[in-house]
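Data from start_14.pdb: PDB, C-alpha atoms
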ATOM      1  CA  MET A 177       9.033 -15.759   8.751  1.00  0.00           C
ATOM      2  CA  SER A 178       9.622 -15.115   5.077  1.00  0.00           C
ATOM      3  CA  PHE A 179       6.917 -14.218   2.603  1.00  0.00           C
ATOM      4  CA  THR A 180       6.987 -14.342  -1.147  1.00  0.00           C
ATOM      5  CA  HIS A 181       5.611 -11.591  -3.286  1.00  0.00           C
ATOM      6  CA  GLU A 182       3.801 -11.533  -6.585  1.00  0.00           C
ATOM      7  CA  ILE A 183       4.193  -7.871  -7.386  1.00  0.00           C
ATOM      8  CA  PRO A 184       3.777  -7.306 -11.132  1.00  0.00           C
ATOM      9  CA  GLY A 185       7.026  -6.517 -12.874  1.00  0.00           C
ATOM     10  CA  LEU A 186       9.228  -8.255 -10.315  1.00  0.00           C
ATOM     11  CA  PRO A 187      10.364 -11.864 -10.312  1.00  0.00           C
ATOM     12  CA  ARG A 188       8.521 -13.976  -7.766  1.00  0.00           C
ATOM     13  CA  GLY A 189      10.669 -14.537  -4.720  1.00  0.00           C
ATOM     14  CA  PRO A 190      11.331 -13.523  -1.137  1.00  0.00           C
ATOM     15  CA  ALA A 191       9.525 -10.431   0.040  1.00  0.00           C
ATOM     16  CA  PRO A 192      11.697  -7.330   0.140  1.00  0.00           C
ATOM     17  CA  SER A 193      12.670  -5.522   3.356  1.00  0.00           C
ATOM     18  CA  SER A 194      10.108  -3.245   4.999  1.00  0.00           C
ATOM     19  CA  LEU A 195      11.694  -0.276   3.216  1.00  0.00           C
ATOM     20  CA  GLY A 196      11.434  -2.163  -0.057  1.00  0.00           C
ATOM     21  CA  VAL A 197       7.854  -3.204   0.635  1.00  0.00           C
ATOM     22  CA  VAL A 198       6.699   0.409   0.987  1.00  0.00           C
ATOM     23  CA  ALA A 199       8.546   1.340  -2.199  1.00  0.00           C
ATOM     24  CA  LEU A 200       7.080  -1.560  -4.159  1.00  0.00           C
ATOM     25  CA  ARG A 201       3.516  -1.102  -2.878  1.00  0.00           C
ATOM     26  CA  LEU A 202       3.660   2.613  -3.631  1.00  0.00           C
ATOM     27  CA  LYS A 203       4.822   2.009  -7.187  1.00  0.00           C
ATOM     28  CA  GLN A 204       2.303  -0.801  -7.644  1.00  0.00           C
ATOM     29  CA  ALA A 205      -0.591   1.389  -6.477  1.00  0.00           C
ATOM     30  CA  ARG A 206       0.528   4.406  -8.524  1.00  0.00           C
ATOM     31  CA  GLU A 207       0.906   2.408 -11.724  1.00  0.00           C
ATOM     32  CA  ALA A 208      -2.462   0.699 -11.143  1.00  0.00           C
ATOM     33  CA  VAL A 209      -4.196   4.086 -11.352  1.00  0.00           C
ATOM     34  CA  GLY A 210      -1.999   5.278 -14.223  1.00  0.00           C
ATOM     35  CA  MET A 211      -0.502   8.322 -12.497  1.00  0.00           C
ATOM     36  CA  SER A 212       2.924   9.771 -13.047  1.00  0.00           C
ATOM     37  CA  GLN A 213       5.222  10.272 -10.087  1.00  0.00           C
ATOM     38  CA  ARG A 214       4.869  14.029 -10.503  1.00  0.00           C
ATOM     39  CA  GLY A 215       1.087  13.828 -10.745  1.00  0.00           C
ATOM     40  CA  LEU A 216       0.891  11.718  -7.604  1.00  0.00           C
ATOM     41  CA  GLY A 217       3.165  14.047  -5.654  1.00  0.00           C
ATOM     42  CA  ILE A 218       1.238  17.149  -6.683  1.00  0.00           C
ATOM     43  CA  ALA A 219      -2.139  15.498  -5.959  1.00  0.00           C
ATOM     44  CA  ALA A 220      -0.801  14.532  -2.502  1.00  0.00           C
ATOM     45  CA  GLY A 221       0.048  18.185  -1.836  1.00  0.00           C
ATOM     46  CA  PHE A 222       3.811  18.098  -2.289  1.00  0.00           C
ATOM     47  CA  ASP A 223       5.563  21.168  -3.650  1.00  0.00           C
ATOM     48  CA  PRO A 224       5.361  20.842  -7.461  1.00  0.00           C
ATOM     49  CA  THR A 225       9.078  21.592  -7.823  1.00  0.00           C
ATOM     50  CA  VAL A 226      10.000  18.479  -5.819  1.00  0.00           C
ATOM     51  CA  ALA A 227       6.925  16.263  -6.333  1.00  0.00           C
ATOM     52  CA  SER A 228       8.481  13.973  -8.945  1.00  0.00           C
ATOM     53  CA  PRO A 229      11.900  13.519  -7.298  1.00  0.00           C
ATOM     54  CA  ARG A 230      10.283  12.971  -3.898  1.00  0.00           C
ATOM     55  CA  VAL A 231       7.974  10.190  -5.128  1.00  0.00           C
ATOM     56  CA  ASN A 232      10.845   8.754  -7.174  1.00  0.00           C
ATOM     57  CA  GLN A 233      13.023   8.541  -4.063  1.00  0.00           C
ATOM     58  CA  TYR A 234      10.208   6.802  -2.182  1.00  0.00           C
ATOM     59  CA  GLU A 235       9.697   4.285  -4.992  1.00  0.00           C
ATOM     60  CA  ALA A 236      13.424   3.680  -5.335  1.00  0.00           C
ATOM     61  CA  GLY A 237      13.614   2.889  -1.617  1.00  0.00           C
ATOM     62  CA  LYS A 238      16.134   5.676  -0.980  1.00  0.00           C
ATOM     63  CA  HIS A 239      13.778   7.319   1.509  1.00  0.00           C
ATOM     64  CA  THR A 240      10.665   6.068   3.267  1.00  0.00           C
ATOM     65  CA  PRO A 241       7.717   8.415   3.526  1.00  0.00           C
ATOM     66  CA  ASP A 242       6.629   9.283   7.038  1.00  0.00           C
ATOM     67  CA  VAL A 243       3.153   8.173   8.067  1.00  0.00           C
ATOM     68  CA  ARG A 244       1.578  11.558   7.265  1.00  0.00           C
ATOM     69  CA  SER A 245       3.055  11.563   3.748  1.00  0.00           C
ATOM     70  CA  LEU A 246       1.933   7.970   3.264  1.00  0.00           C
ATOM     71  CA  GLU A 247      -1.576   8.986   4.380  1.00  0.00           C
ATOM     72  CA  LEU A 248      -1.609  11.741   1.750  1.00  0.00           C
ATOM     73  CA  LEU A 249      -0.293   9.435  -0.970  1.00  0.00           C
ATOM     74  CA  GLY A 250      -2.690   6.674   0.070  1.00  0.00           C
ATOM     75  CA  LYS A 251      -5.658   9.019  -0.052  1.00  0.00           C
ATOM     76  CA  VAL A 252      -4.844   9.927  -3.656  1.00  0.00           C
ATOM     77  CA  LEU A 253      -4.275   6.264  -4.560  1.00  0.00           C
ATOM     78  CA  GLY A 254      -7.278   4.954  -2.623  1.00  0.00           C
ATOM     79  CA  LYS A 255      -5.127   2.777  -0.354  1.00  0.00           C
ATOM     80  CA  PRO A 256      -4.960   2.664   3.457  1.00  0.00           C
ATOM     81  CA  VAL A 257      -1.571   3.121   5.149  1.00  0.00           C
ATOM     82  CA  PRO A 258      -1.301  -0.536   6.326  1.00  0.00           C
ATOM     83  CA  PHE A 259      -1.535  -1.662   2.683  1.00  0.00           C
ATOM     84  CA  PHE A 260       1.896  -0.149   2.025  1.00  0.00           C
ATOM     85  CA  TYR A 261       3.522  -2.187   4.815  1.00  0.00           C
ATOM     86  CA  ALA A 262       2.049  -5.587   3.937  1.00  0.00           C
ATOM     87  CA  SER A 263       4.834  -7.817   2.617  1.00  0.00           C
ATOM     88  CA  ASP A 264       2.363 -10.576   1.727  1.00  0.00           C
ATOM     89  CA  ASP A 265       0.273  -9.928  -1.394  1.00  0.00           C
ATOM     90  CA  ILE A 266      -2.810 -11.702  -0.077  1.00  0.00           C
ATOM     91  CA  LEU A 267      -2.697  -9.708   3.147  1.00  0.00           C
ATOM     92  CA  ALA A 268      -2.206  -6.483   1.173  1.00  0.00           C
ATOM     93  CA  GLU A 269      -5.268  -7.270  -0.927  1.00  0.00           C
ATOM     94  CA  ALA A 270      -7.305  -8.158   2.175  1.00  0.00           C
ATOM     95  CA  ILE A 271      -6.321  -4.871   3.836  1.00  0.00           C
ATOM     96  CA  ASP A 272      -7.290  -2.961   0.710  1.00  0.00           C
ATOM     97  CA  LEU A 273     -10.642  -4.730   0.374  1.00  0.00           C
ATOM     98  CA  LEU A 274     -11.523  -4.339   4.051  1.00  0.00           C
ATOM     99  CA  ALA A 275     -10.652  -0.648   3.972  1.00  0.00           C
ATOM    100  CA  ARG A 276     -13.038  -0.063   1.065  1.00  0.00           C
ATOM    101  CA  MET A 277     -15.982  -1.789   2.750  1.00  0.00           C
ATOM    102  CA  PRO A 278     -18.612   0.080   4.706  1.00  0.00           C
ATOM    103  CA  ILE A 279     -18.034  -0.404   8.444  1.00  0.00           C
ATOM    104  CA  LYS A 280     -21.007  -2.758   8.837  1.00  0.00           C
ATOM    105  CA  THR A 281     -19.762  -5.027   6.041  1.00  0.00           C
ATOM    106  CA  ARG A 282     -16.242  -4.880   7.467  1.00  0.00           C
ATOM    107  CA  LYS A 283     -17.515  -6.066  10.848  1.00  0.00           C
ATOM    108  CA  GLU A 284     -19.425  -8.910   9.185  1.00  0.00           C
ATOM    109  CA  ALA A 285     -16.314  -9.950   7.235  1.00  0.00           C
ATOM    110  CA  LEU A 286     -14.234  -9.912  10.407  1.00  0.00           C
ATOM    111  CA  LYS A 287     -16.847 -12.021  12.197  1.00  0.00           C
ATOM    112  CA  ALA A 288     -16.816 -14.532   9.327  1.00  0.00           C
ATOM    113  CA  LEU A 289     -13.016 -14.724   9.504  1.00  0.00           C
ATOM    114  CA  ARG A 290     -13.109 -15.360  13.243  1.00  0.00           C
ATOM    115  CA  GLU A 291     -15.718 -18.095  12.808  1.00  0.00           C
ATOM    116  CA  SER A 292     -13.643 -19.662  10.058  1.00  0.00           C
ATOM    117  CA  MET A 293     -10.574 -19.701  12.303  1.00  0.00           C
ATOM    118  CA  GLU A 294     -12.526 -21.242  15.192  1.00  0.00           C
ATOM    119  CA  ALA A 295     -13.923 -23.965  12.914  1.00  0.00           C
ATOM    120  CA  SER A 296     -10.492 -25.048  11.685  1.00  0.00           C
TER     121      SER A 296
END
As structure tokens, the full file:
Amino acid sequence: MSFTHEIPGLPRGPAPSSLGVVALRLKQAREAVGMSQRGLGIAAGFDPTVASPRVNQYEAGKHTPDVRSLELLGKVLGKPVPFFYASDDILAEAIDLLARMPIKTRKEALKALRESMEAS
């Protein structure tokens, strides 16, 4: 199954590979909060001497952050780990919105989705 993306700054088209998706989502989230690569890396707890190159390599798709690093980066950016792996923009937004909801509201939203699927 192929998804298209609508990531700002990139031409609309086929979704990138999973490595590319993490890189693009990371850059998208970082730019949305107006942080530099160095600032993000330092805020995530990376050694300041390698913070900028490390985040740059992640965003360039040369290396993929491990889950723990992605958790640290996501915490700074206010994004859950699954957000970074979503190749579909609508799914990425849904993951982000659900993650920010209080648990009770999240359960209600999930129930509404299930009911919607059963009705169709």
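Nearest to Val243 of chain A of all the residues A:Val257, A:Leu202, A:Leu216, A:Val231 is A:Val257, counting all atoms listed in the file.
Once the PyMOL selection byres ((chain A and resi 259) around 10) is applied to the depicted file, the selected set reads Val197, Val198, Arg201, Leu202, Ala205, Gly250, Lys255, Pro256, Val257, Pro258, Phe260, Tyr261, Ala262, Ser263, Asp264, Asp265, Leu267, Ala268, Glu269, Ala270, Ile271, Asp272, Leu273 and Ala275 of chain A.
Taken over the whole file, the PyMOL selection byres ((chain A and resi 248) around 10) covers exactly Leu216, Gly217, Ala219, Ala220, Gly221, Phe222, Val243, Arg244, Ser245, Leu246, Glu247, Leu249, Gly250, Lys251, Val252, Leu253, Gly254, Lys255, Pro256 and Val257 of chain A.
Nearest to Ala236 of chain A of all the residues A:Glu207, A:Leu200, A:Gly215, A:Met277 is A:Leu200, based on all atoms listed in the file.
Computed from the coordinates, the atom CA of Arg206 of chain A to atom CA of Ala285 of chain A distance equals 27.2 Å.
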> Leaving out Arg214 of chain A and any residue of its chain fewer than 5 positions from it, which residues lie within 8 Å of it when counting all atoms listed in the file, given as a ChimeraX atom specification?
Replying inline: /A:224,227-229,231
>> Which residues are near Asn232 of chain A? Cut-off 10 Å, all atoms listed in the file, ignore same chain within fewer than 6 positions. Put them as a PyMOL selection string.
In response: chain A and resi 199+203+212-214+217+226+238-239
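Straight-line separation from atom CA of Lys280 of chain A to atom CA of Met293 of chain A: 20.2 Å.
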>> Just the number, please: distance in Å from atom CA of Met211 of chain A to atom CA of Tyr234 of chain A, one decimal.
In response: 14.9 Å
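In this comparison, which uses only C-alpha atoms, the residue of A:Pro278, A:Gly196, A:Thr225, A:Ala288 approaching Pro241 of chain A most closely is A:Gly196.
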